[in-house]
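**Q** Below is the structure I would like to discuss, written out as structure tokens.
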Amino acid sequence: MLQTDSPQITPILEAARTAARTLATTSTGLKNQALHGIAAALRGSAAEILAANTLDLAAGTHNGLSEGMLDRLSLDEARINALADAVLEISLLTDPVGEVVRGSSLPNGVRISQVRVPFGVVGVIYEARPNVTVDIAAIALKSGNAVVLRGGSAAENTNRVLVTLLQAAIRQVGLPEACVQTIDPFGRTGATELMQARGLVDVLIPRGSAGLIRAVVTQSTVPVIETGAGVVHIFVDESANPEWAVDIVHNSKVHRPSVCNALETLLVHEAAAARLLPAVLAKLTESGVTLHGDDRVREIFPAAVPATEEDWSTEYMGLELAVAVVDSLDDAIAHIRRYSTGHTESIITNDIVNADRFLGEVDSAAVMVNASTRFTDGGEFGFGAEVGISTQKLHARGPMGLPELTSTKWIVRGSGQVRA
């Protein structure tokens, strides 16, 4: 038996490892049957899910959760249907397991190929986001991984119902229900044990606040894929189209301000500030956005409140936005390098040279030209859903879908050859 410092959750993790061995050789067809069952269960049990979610929302409101956290916690019929749709989209995607990444034949006839294989057991620690329960379980299942979830106390009732539905759908097609498990009943102790379960858990993925992610990265002995907070920037260049500037900035901030790809800092070229800022900021204000502006912004738009140094590194996750006027593209890039979390940045410009410079010199997981930052999303990228958005540079970067939950192994086929 593998050794672990996780005595309470060891049986759960051992069951997950056994389930992972089964999943690793499960056919694509059977995995897709399970996904179809999950989608049907979500739609058929919407009332039960919403009743549990109502309890969590009431508790969250009583406990003083922010509006952004409450939005992430909240489900309605439309969001449940969207989750079911995403599960069905995942069922239509190519199964990455067994895909040949590269291969060759040696002069002596030995054939070598590198193929995708599941990680095995994936642990996930996240906050107040019941959609993550479904998204990650579905992606893990399709990519041949067992998953152990720690969803946090804020979504405890909702996640309990969701995991029960997931396990029932998996069990109905003959797969072990231990493919998807939760350690929520063990609270923070369970989360700590999960982080220390090296040898039983192959990889750990945190999703949530900067504090949660930092705690998992620093405390875990299990390898971690780091998803990052989103201090997301847009730079409005001197040549920007006024309508694009208004629409892209507004969508990036207001469409869903609580999520990690929402805009948090707007930078505007000083030569375009007087021309573009009034319309851009007026539309934001009409939508209830509080603007934190530097001195030059407040000269043009006095309704903005004075920005502080802290504002440039803040992920508001709500209807607030930091705004600054910069002298040049160079200054915009320098600002982004200093304050960005490496998530998503976008430039609005009609200057192809500046666009190419921005794409080449800004070092974030997603860099855009003339597009809303809200597009940094697994669903939008065609992944069906996402495990998270990685801001690190090892293994995976940006939205993570099916291939990002696989590793590789080398397959060598010979016919009696020995090395000379």
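Identifiers in this document derive from the order of the structure tokens: chains are assigned A, B, ..., residues are numbered from 1 separately in each chain, and ligands are numbered from 1 in order of occurrence.
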Give me every helix (DSSP H, G or I) residue in segment 22-178 of chain A, going by DSSP on the backbone, as a PDB file with C-alpha atoms, in the first residue's frame.

**A**
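Printed below is result15.pdb as written:
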ATOM      1  CA  THR A  22     -10.427   1.046 -15.008  1.00  0.00           C
ATOM      2  CA  LEU A  23     -10.984   4.365 -16.749  1.00  0.00           C
ATOM      3  CA  ALA A  24      -7.571   4.283 -18.409  1.00  0.00           C
ATOM      4  CA  THR A  28     -14.616   6.136 -25.748  1.00  0.00           C
ATOM      5  CA  GLY A  29     -18.146   4.891 -26.379  1.00  0.00           C
ATOM      6  CA  LEU A  30     -18.711   3.898 -22.763  1.00  0.00           C
ATOM      7  CA  LYS A  31     -17.301   7.176 -21.474  1.00  0.00           C
ATOM      8  CA  ASN A  32     -19.628   9.045 -23.805  1.00  0.00           C
ATOM      9  CA  GLN A  33     -22.584   7.017 -22.544  1.00  0.00           C
ATOM     10  CA  ALA A  34     -21.744   8.165 -19.032  1.00  0.00           C
ATOM     11  CA  LEU A  35     -21.559  11.787 -20.200  1.00  0.00           C
ATOM     12  CA  HIS A  36     -24.969  11.537 -21.854  1.00  0.00           C
ATOM     13  CA  GLY A  37     -26.331  10.134 -18.613  1.00  0.00           C
ATOM     14  CA  ILE A  38     -24.855  13.032 -16.672  1.00  0.00           C
ATOM     15  CA  ALA A  39     -26.437  15.587 -19.018  1.00  0.00           C
ATOM     16  CA  ALA A  40     -29.831  13.892 -18.706  1.00  0.00           C
ATOM     17  CA  ALA A  41     -29.536  13.745 -14.911  1.00  0.00           C
ATOM     18  CA  LEU A  42     -28.751  17.456 -14.712  1.00  0.00           C
ATOM     19  CA  ARG A  43     -31.818  18.387 -16.742  1.00  0.00           C
ATOM     20  CA  GLY A  44     -34.063  15.880 -15.011  1.00  0.00           C
ATOM     21  CA  ALA A  46     -32.963  20.699 -11.998  1.00  0.00           C
ATOM     22  CA  ALA A  47     -35.540  21.285  -9.259  1.00  0.00           C
ATOM     23  CA  GLU A  48     -33.503  19.312  -6.729  1.00  0.00           C
ATOM     24  CA  ILE A  49     -30.301  21.128  -7.718  1.00  0.00           C
ATOM     25  CA  LEU A  50     -31.943  24.544  -7.452  1.00  0.00           C
ATOM     26  CA  ALA A  51     -33.452  23.752  -4.053  1.00  0.00           C
ATOM     27  CA  ALA A  52     -30.001  22.883  -2.712  1.00  0.00           C
ATOM     28  CA  ASN A  53     -28.498  25.943  -4.371  1.00  0.00           C
ATOM     29  CA  THR A  54     -31.115  28.171  -2.710  1.00  0.00           C
ATOM     30  CA  LEU A  55     -29.917  26.930   0.676  1.00  0.00           C
ATOM     31  CA  ASP A  56     -26.297  27.715  -0.216  1.00  0.00           C
ATOM     32  CA  LEU A  57     -27.177  31.183  -1.489  1.00  0.00           C
ATOM     33  CA  ALA A  58     -29.115  31.976   1.681  1.00  0.00           C
ATOM     34  CA  ALA A  59     -26.198  30.845   3.814  1.00  0.00           C
ATOM     35  CA  GLY A  60     -23.764  32.789   1.657  1.00  0.00           C
ATOM     36  CA  THR A  61     -25.798  35.962   1.973  1.00  0.00           C
ATOM     37  CA  HIS A  62     -26.018  35.473   5.749  1.00  0.00           C
ATOM     38  CA  GLU A  67     -21.683  39.827  -4.857  1.00  0.00           C
ATOM     39  CA  GLY A  68     -19.050  38.287  -7.104  1.00  0.00           C
ATOM     40  CA  MET A  69     -18.846  35.110  -5.018  1.00  0.00           C
ATOM     41  CA  LEU A  70     -22.634  34.876  -4.841  1.00  0.00           C
ATOM     42  CA  ASP A  71     -22.809  35.162  -8.614  1.00  0.00           C
ATOM     43  CA  ARG A  72     -20.303  32.326  -9.016  1.00  0.00           C
ATOM     44  CA  LEU A  73     -22.267  30.264  -6.505  1.00  0.00           C
ATOM     45  CA  GLU A  77     -32.327  26.738 -15.026  1.00  0.00           C
ATOM     46  CA  ALA A  78     -30.389  28.447 -17.809  1.00  0.00           C
ATOM     47  CA  ARG A  79     -27.047  27.727 -16.129  1.00  0.00           C
ATOM     48  CA  ILE A  80     -28.005  24.105 -15.451  1.00  0.00           C
ATOM     49  CA  ASN A  81     -29.000  23.659 -19.099  1.00  0.00           C
ATOM     50  CA  ALA A  82     -25.712  25.264 -20.138  1.00  0.00           C
ATOM     51  CA  LEU A  83     -23.840  22.775 -17.934  1.00  0.00           C
ATOM     52  CA  ALA A  84     -25.714  19.887 -19.545  1.00  0.00           C
ATOM     53  CA  ASP A  85     -24.988  21.287 -23.012  1.00  0.00           C
ATOM     54  CA  ALA A  86     -21.290  21.535 -22.138  1.00  0.00           C
ATOM     55  CA  VAL A  87     -21.235  17.896 -21.023  1.00  0.00           C
ATOM     56  CA  LEU A  88     -22.760  16.853 -24.351  1.00  0.00           C
ATOM     57  CA  GLU A  89     -20.203  18.973 -26.221  1.00  0.00           C
ATOM     58  CA  ILE A  90     -17.429  17.149 -24.367  1.00  0.00           C
ATOM     59  CA  SER A  91     -18.922  13.832 -25.478  1.00  0.00           C
ATOM     60  CA  LEU A  92     -18.532  14.962 -29.102  1.00  0.00           C
ATOM     61  CA  PRO A 130     -20.794  24.350  -8.381  1.00  0.00           C
ATOM     62  CA  ASN A 131     -20.375  24.572 -12.165  1.00  0.00           C
ATOM     63  CA  VAL A 132     -16.775  23.448 -11.629  1.00  0.00           C
ATOM     64  CA  THR A 133     -18.069  20.221 -10.072  1.00  0.00           C
ATOM     65  CA  VAL A 134     -19.748  19.260 -13.334  1.00  0.00           C
ATOM     66  CA  ASP A 135     -17.206  20.708 -15.765  1.00  0.00           C
ATOM     67  CA  ILE A 136     -14.180  19.044 -14.221  1.00  0.00           C
ATOM     68  CA  ALA A 137     -15.929  15.728 -13.590  1.00  0.00           C
ATOM     69  CA  ALA A 138     -16.973  15.559 -17.256  1.00  0.00           C
ATOM     70  CA  ILE A 139     -13.545  16.489 -18.610  1.00  0.00           C
ATOM     71  CA  ALA A 140     -11.834  14.093 -16.211  1.00  0.00           C
ATOM     72  CA  LEU A 141     -14.139  11.257 -17.213  1.00  0.00           C
ATOM     73  CA  LYS A 142     -13.635  11.772 -20.963  1.00  0.00           C
ATOM     74  CA  SER A 153     -18.464  24.887   2.393  1.00  0.00           C
ATOM     75  CA  ALA A 154     -20.174  27.716   0.496  1.00  0.00           C
ATOM     76  CA  ALA A 155     -21.525  25.279  -2.130  1.00  0.00           C
ATOM     77  CA  GLU A 156     -21.841  22.277   0.177  1.00  0.00           C
ATOM     78  CA  ASN A 157     -25.530  21.523  -0.441  1.00  0.00           C
ATOM     79  CA  THR A 158     -25.374  22.044  -4.206  1.00  0.00           C
ATOM     80  CA  ASN A 159     -22.220  19.982  -4.630  1.00  0.00           C
ATOM     81  CA  ARG A 160     -23.650  17.128  -2.563  1.00  0.00           C
ATOM     82  CA  VAL A 161     -26.593  16.838  -4.943  1.00  0.00           C
ATOM     83  CA  LEU A 162     -24.412  17.205  -8.032  1.00  0.00           C
ATOM     84  CA  VAL A 163     -21.915  14.539  -6.965  1.00  0.00           C
ATOM     85  CA  THR A 164     -24.756  12.145  -6.155  1.00  0.00           C
ATOM     86  CA  LEU A 165     -26.200  12.680  -9.644  1.00  0.00           C
ATOM     87  CA  LEU A 166     -22.790  12.265 -11.283  1.00  0.00           C
ATOM     88  CA  GLN A 167     -22.085   9.035  -9.443  1.00  0.00           C
ATOM     89  CA  ALA A 168     -25.491   7.589 -10.301  1.00  0.00           C
ATOM     90  CA  ALA A 169     -25.038   8.334 -14.008  1.00  0.00           C
ATOM     91  CA  ILE A 170     -21.565   6.785 -13.991  1.00  0.00           C
ATOM     92  CA  ARG A 171     -22.757   3.721 -12.115  1.00  0.00           C
ATOM     93  CA  GLN A 172     -25.612   3.165 -14.581  1.00  0.00           C
ATOM     94  CA  GLU A 177     -18.776   5.585  -9.004  1.00  0.00           C
ATOM     95  CA  ALA A 178     -15.375   6.247  -7.439  1.00  0.00           C
TER      96      ALA A 178
END

**Q** Excluding segment 248-258 of chain A and residues on its chain fewer than 2 positions from it, collect all residues at most 6 Å away from it, counting only C-alpha atoms, and give them as a PDB file with N, CA, C and O atoms, in the first residue's frame.

**A**
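So around_39.pdb came out as:
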ATOM      1  N   GLY A  68     -19.739  39.113  -6.126  1.00  0.00           N
ATOM      2  CA  GLY A  68     -19.050  38.287  -7.104  1.00  0.00           C
ATOM      3  C   GLY A  68     -19.073  36.821  -6.734  1.00  0.00           C
ATOM      4  O   GLY A  68     -19.327  35.953  -7.581  1.00  0.00           O
ATOM      5  N   TRP A 244     -15.586  50.053 -31.440  1.00  0.00           N
ATOM      6  CA  TRP A 244     -14.949  48.861 -30.876  1.00  0.00           C
ATOM      7  C   TRP A 244     -14.512  49.106 -29.442  1.00  0.00           C
ATOM      8  O   TRP A 244     -14.681  48.243 -28.577  1.00  0.00           O
ATOM      9  N   ALA A 245     -13.929  50.257 -29.192  1.00  0.00           N
ATOM     10  CA  ALA A 245     -13.455  50.561 -27.845  1.00  0.00           C
ATOM     11  C   ALA A 245     -14.602  50.520 -26.846  1.00  0.00           C
ATOM     12  O   ALA A 245     -14.496  49.905 -25.769  1.00  0.00           O
ATOM     13  N   VAL A 246     -15.709  51.175 -27.180  1.00  0.00           N
ATOM     14  CA  VAL A 246     -16.858  51.201 -26.277  1.00  0.00           C
ATOM     15  C   VAL A 246     -17.395  49.785 -26.048  1.00  0.00           C
ATOM     16  O   VAL A 246     -17.599  49.352 -24.909  1.00  0.00           O
ATOM     17  N   ALA A 262     -12.735  38.671 -16.697  1.00  0.00           N
ATOM     18  CA  ALA A 262     -13.327  40.004 -16.757  1.00  0.00           C
ATOM     19  C   ALA A 262     -12.233  41.068 -16.660  1.00  0.00           C
ATOM     20  O   ALA A 262     -11.230  40.900 -15.965  1.00  0.00           O
ATOM     21  N   LEU A 263     -12.435  42.161 -17.344  1.00  0.00           N
ATOM     22  CA  LEU A 263     -11.481  43.267 -17.348  1.00  0.00           C
ATOM     23  C   LEU A 263     -11.374  43.895 -15.968  1.00  0.00           C
ATOM     24  O   LEU A 263     -12.377  44.145 -15.307  1.00  0.00           O
ATOM     25  N   MET A 317     -13.509  41.519  -9.246  1.00  0.00           N
ATOM     26  CA  MET A 317     -14.577  40.522  -9.355  1.00  0.00           C
ATOM     27  C   MET A 317     -15.948  41.148  -9.133  1.00  0.00           C
ATOM     28  O   MET A 317     -16.850  40.548  -8.559  1.00  0.00           O
ATOM     29  N   GLY A 318     -16.100  42.387  -9.557  1.00  0.00           N
ATOM     30  CA  GLY A 318     -17.362  43.105  -9.425  1.00  0.00           C
ATOM     31  C   GLY A 318     -17.349  44.311 -10.343  1.00  0.00           C
ATOM     32  O   GLY A 318     -16.454  44.472 -11.181  1.00  0.00           O
ATOM     33  N   SER A 372     -12.943  40.976 -27.008  1.00  0.00           N
ATOM     34  CA  SER A 372     -13.239  40.998 -25.586  1.00  0.00           C
ATOM     35  C   SER A 372     -12.428  39.948 -24.839  1.00  0.00           C
ATOM     36  O   SER A 372     -12.263  38.815 -25.307  1.00  0.00           O
ATOM     37  N   THR A 373     -11.976  40.304 -23.659  1.00  0.00           N
ATOM     38  CA  THR A 373     -11.232  39.357 -22.827  1.00  0.00           C
ATOM     39  C   THR A 373     -12.111  38.203 -22.358  1.00  0.00           C
ATOM     40  O   THR A 373     -11.601  37.168 -21.913  1.00  0.00           O
ATOM     41  N   ARG A 374     -13.412  38.339 -22.478  1.00  0.00           N
ATOM     42  CA  ARG A 374     -14.329  37.278 -22.055  1.00  0.00           C
ATOM     43  C   ARG A 374     -14.211  36.018 -22.916  1.00  0.00           C
ATOM     44  O   ARG A 374     -14.752  34.972 -22.570  1.00  0.00           O
TER      45      ARG A 374
END

**Q** With distances taken over only C-alpha atoms, which of A:Val232, A:Val173, A:Cys260, A:Leu277 is nearest to Ser340 of chain A?

**A**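 Counting only C-alpha atoms, the residue closest to Ser340 of chain A is A:Val232.
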
**Q** Taking only segment 70-249 of chain A into account, list the residues labelled strand (DSSP E) by DSSP (computed from the backbone), as a PyMOL selection string.

**A** chain A and resi 100-105+111-118+121-126+146-150+180-182+203-207+232-236

**Q** At a cut-off of 7 Å, using only C-alpha atoms, what residues contact Glu264 of chain A? Leave out same-chain residues fewer than 4 positions from it and give the result as number ranges by chain.

**A** A: 231-233, 315-316, 321-322

**Q** Could the residues in this selection be written to a file with N, CA, C and O atoms, as a short mmCIF file (atom, residue, chain, number, x, y, z; two decimals), in the first residue's frame?

**A**
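Output below, filename out20.cif:
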data_model
loop_
_atom_site.label_atom_id
_atom_site.label_comp_id
_atom_site.auth_asym_id
_atom_site.auth_seq_id
_atom_site.Cartn_x
_atom_site.Cartn_y
_atom_site.Cartn_z
N VAL A 231 -5.97 39.62 -13.07
CA VAL A 231 -5.85 41.07 -13.21
C VAL A 231 -5.65 41.31 -14.70
O VAL A 231 -4.53 41.31 -15.22
N VAL A 232 -6.77 41.48 -15.39
CA VAL A 232 -6.84 41.48 -16.85
C VAL A 232 -6.83 42.91 -17.37
O VAL A 232 -7.48 43.79 -16.82
N HIS A 233 -6.08 43.14 -18.47
CA HIS A 233 -5.91 44.48 -19.03
C HIS A 233 -6.43 44.58 -20.45
O HIS A 233 -6.34 43.64 -21.22
N GLU A 315 -7.94 42.42 -8.31
CA GLU A 315 -8.95 41.70 -9.07
C GLU A 315 -10.28 41.97 -8.37
O GLU A 315 -10.61 41.36 -7.36
N TYR A 316 -11.06 42.90 -8.90
CA TYR A 316 -12.27 43.36 -8.22
C TYR A 316 -13.35 42.30 -8.18
O TYR A 316 -14.10 42.19 -7.21
N LEU A 321 -13.52 49.22 -11.85
CA LEU A 321 -12.49 49.17 -12.89
C LEU A 321 -11.45 50.25 -12.64
O LEU A 321 -11.79 51.40 -12.35
N ALA A 322 -10.18 49.87 -12.74
CA ALA A 322 -9.08 50.83 -12.66
C ALA A 322 -8.77 51.34 -14.07
O ALA A 322 -8.74 50.55 -15.02
#

**Q** Quick one: everything within 9 Å of segment 289-305 of chain A, counting only C-alpha atoms, minus sequence neighbours fewer than 5 positions away in the same chain. Send it as a list in words.

**A** Lys253, Val254, Glu270, Ala273, Ala274, Leu277, Pro278, Leu281, Ala282, Lys283, Leu284, Asp311, Gly318, Leu319, Glu320, Leu321, Ala322, Val323, Ala324 and Val325 of chain A

**Q** When you look at segment 109-119 of chain A with a cut-off of 8 Å (counting only C-alpha atoms), what residues show up, excluding the ones that are within fewer than 6 positions of it in the same chain? I need them as a list in words.

**A**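 Listed by chain and then number, they are Ala24, Pro96, Val97, Gly98, Glu99, Val100, Val101, Arg102, Gly103, Ser143, Gly144, Asn145, Asp202, Val203, Pro403, Leu405, Thr406, Ser407, Thr408, Lys409, Trp410, Ile411, Val412, Arg413, Gly414, Ser415 and Gln417 of chain A.
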
**Q** Report the distance between atom CA of Asn370 of chain A and atom CA of Ser239 of chain A in Å, rounded to one decimal place.

**A**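 These two atoms are separated by 11.6 Å.
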
**Q** Set out as a Markdown table a contact list for segment 48-137 of chain A and segment 221-228 of chain A with a cut-off of 12 Å, giving each residue of segment 48-137 of chain A that qualifies its closest atom pair and distance in Å to one decimal, counting only C-alpha atoms, ordered by chain and rising residue number.

**A**
| residue | atom | partner | partner_atom | distance |
| --- | --- | --- | --- | --- |
| A:Phe119 | CA | A:Pro223 | CA | 11.2 |
| A:Val121 | CA | A:Val222 | CA | 11.0 |
| A:Val122 | CA | A:Val224 | CA | 10.0 |
| A:Gly123 | CA | A:Val222 | CA | 9.2 |
| A:Val124 | CA | A:Val224 | CA | 9.8 |
| A:Ile125 | CA | A:Val224 | CA | 10.8 |
| A:Tyr126 | CA | A:Thr227 | CA | 10.7 |

**Q** Taking N, CA, C and O atoms for each residue, export the selection above as a JSON list (two decimals), in the first residue's frame.

**A**
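File produced: again.json:
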[["chain", "number", "residue", "atom", "x", "y", "z"],
["A", 119, "PHE", "N", -3.66, 11.24, -16.56],
["A", 119, "PHE", "CA", -2.84, 11.45, -15.37],
["A", 119, "PHE", "C", -3.06, 10.33, -14.37],
["A", 119, "PHE", "O", -2.13, 9.82, -13.76],
["A", 121, "VAL", "N", -5.24, 10.08, -11.06],
["A", 121, "VAL", "CA", -6.13, 10.70, -10.08],
["A", 121, "VAL", "C", -5.86, 12.20, -10.05],
["A", 121, "VAL", "O", -4.73, 12.62, -9.79],
["A", 122, "VAL", "N", -6.89, 12.97, -10.29],
["A", 122, "VAL", "CA", -6.80, 14.43, -10.29],
["A", 122, "VAL", "C", -7.56, 14.97, -9.08],
["A", 122, "VAL", "O", -8.74, 14.65, -8.88],
["A", 123, "GLY", "N", -6.89, 15.76, -8.26],
["A", 123, "GLY", "CA", -7.55, 16.43, -7.14],
["A", 123, "GLY", "C", -7.84, 17.87, -7.52],
["A", 123, "GLY", "O", -7.03, 18.52, -8.18],
["A", 124, "VAL", "N", -8.99, 18.38, -7.10],
["A", 124, "VAL", "CA", -9.37, 19.75, -7.41],
["A", 124, "VAL", "C", -9.90, 20.42, -6.15],
["A", 124, "VAL", "O", -10.77, 19.87, -5.46],
["A", 125, "ILE", "N", -9.35, 21.58, -5.84],
["A", 125, "ILE", "CA", -9.80, 22.38, -4.69],
["A", 125, "ILE", "C", -10.32, 23.70, -5.24],
["A", 125, "ILE", "O", -9.61, 24.42, -5.94],
["A", 126, "TYR", "N", -11.57, 24.02, -4.91],
["A", 126, "TYR", "CA", -12.18, 25.21, -5.50],
["A", 126, "TYR", "C", -13.20, 25.80, -4.52],
["A", 126, "TYR", "O", -13.57, 25.19, -3.53]]

**Q** With a distance cut-off of 8 Å and only C-alpha atoms, select the neighbouring residues of Thr182 of chain A, excluding the residue or stretch itself and same-chain residues fewer than 2 positions from it, and output the selection as a ChimeraX atom specification.

**A** /A:148-151,163,180,184-185

**Q** Suppose we keep C-alpha atoms; can you now write the selection as a compact mmCIF listing (two decimals), in the first residue's frame?

**A**
# COMPACT_ATOMS: atom_id res chain seq x y z
CA VAL A 148 -11.46 13.89 -6.14
CA LEU A 149 -13.27 17.16 -5.45
CA ARG A 150 -13.08 19.63 -2.57
CA GLY A 151 -15.71 22.22 -3.40
CA VAL A 163 -21.91 14.54 -6.97
CA VAL A 180 -15.98 11.03 -9.14
CA ASP A 184 -16.28 17.99 1.33
CA PRO A 185 -17.44 16.20 4.51

**Q** Write out as a PyMOL selection string which residues come within 9 Å of segment 360-366 of chain A when counting only C-alpha atoms, dropping same-chain ones fewer than 2 positions away.

**A** chain A and resi 333+336-337+340-346+355-358+368+373+376+389-393+397-399

**Q** Which one is closest to Phe235 of chain A: A:Leu266, A:Arg338, A:Gly152, A:Cys179? Count only C-alpha atoms.

**A**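 Among A:Leu266, A:Arg338, A:Gly152, A:Cys179, it is A:Leu266 that comes nearest to Phe235 of chain A.
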
**Q** Which of these, A:Asn261, A:Thr285, A:Thr218, A:Ser209, has the shortest distance to Met195 of chain A once you count only C-alpha atoms?

**A**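 Once distances to Met195 of chain A are computed over only C-alpha atoms, the minimum belongs to A:Thr218.
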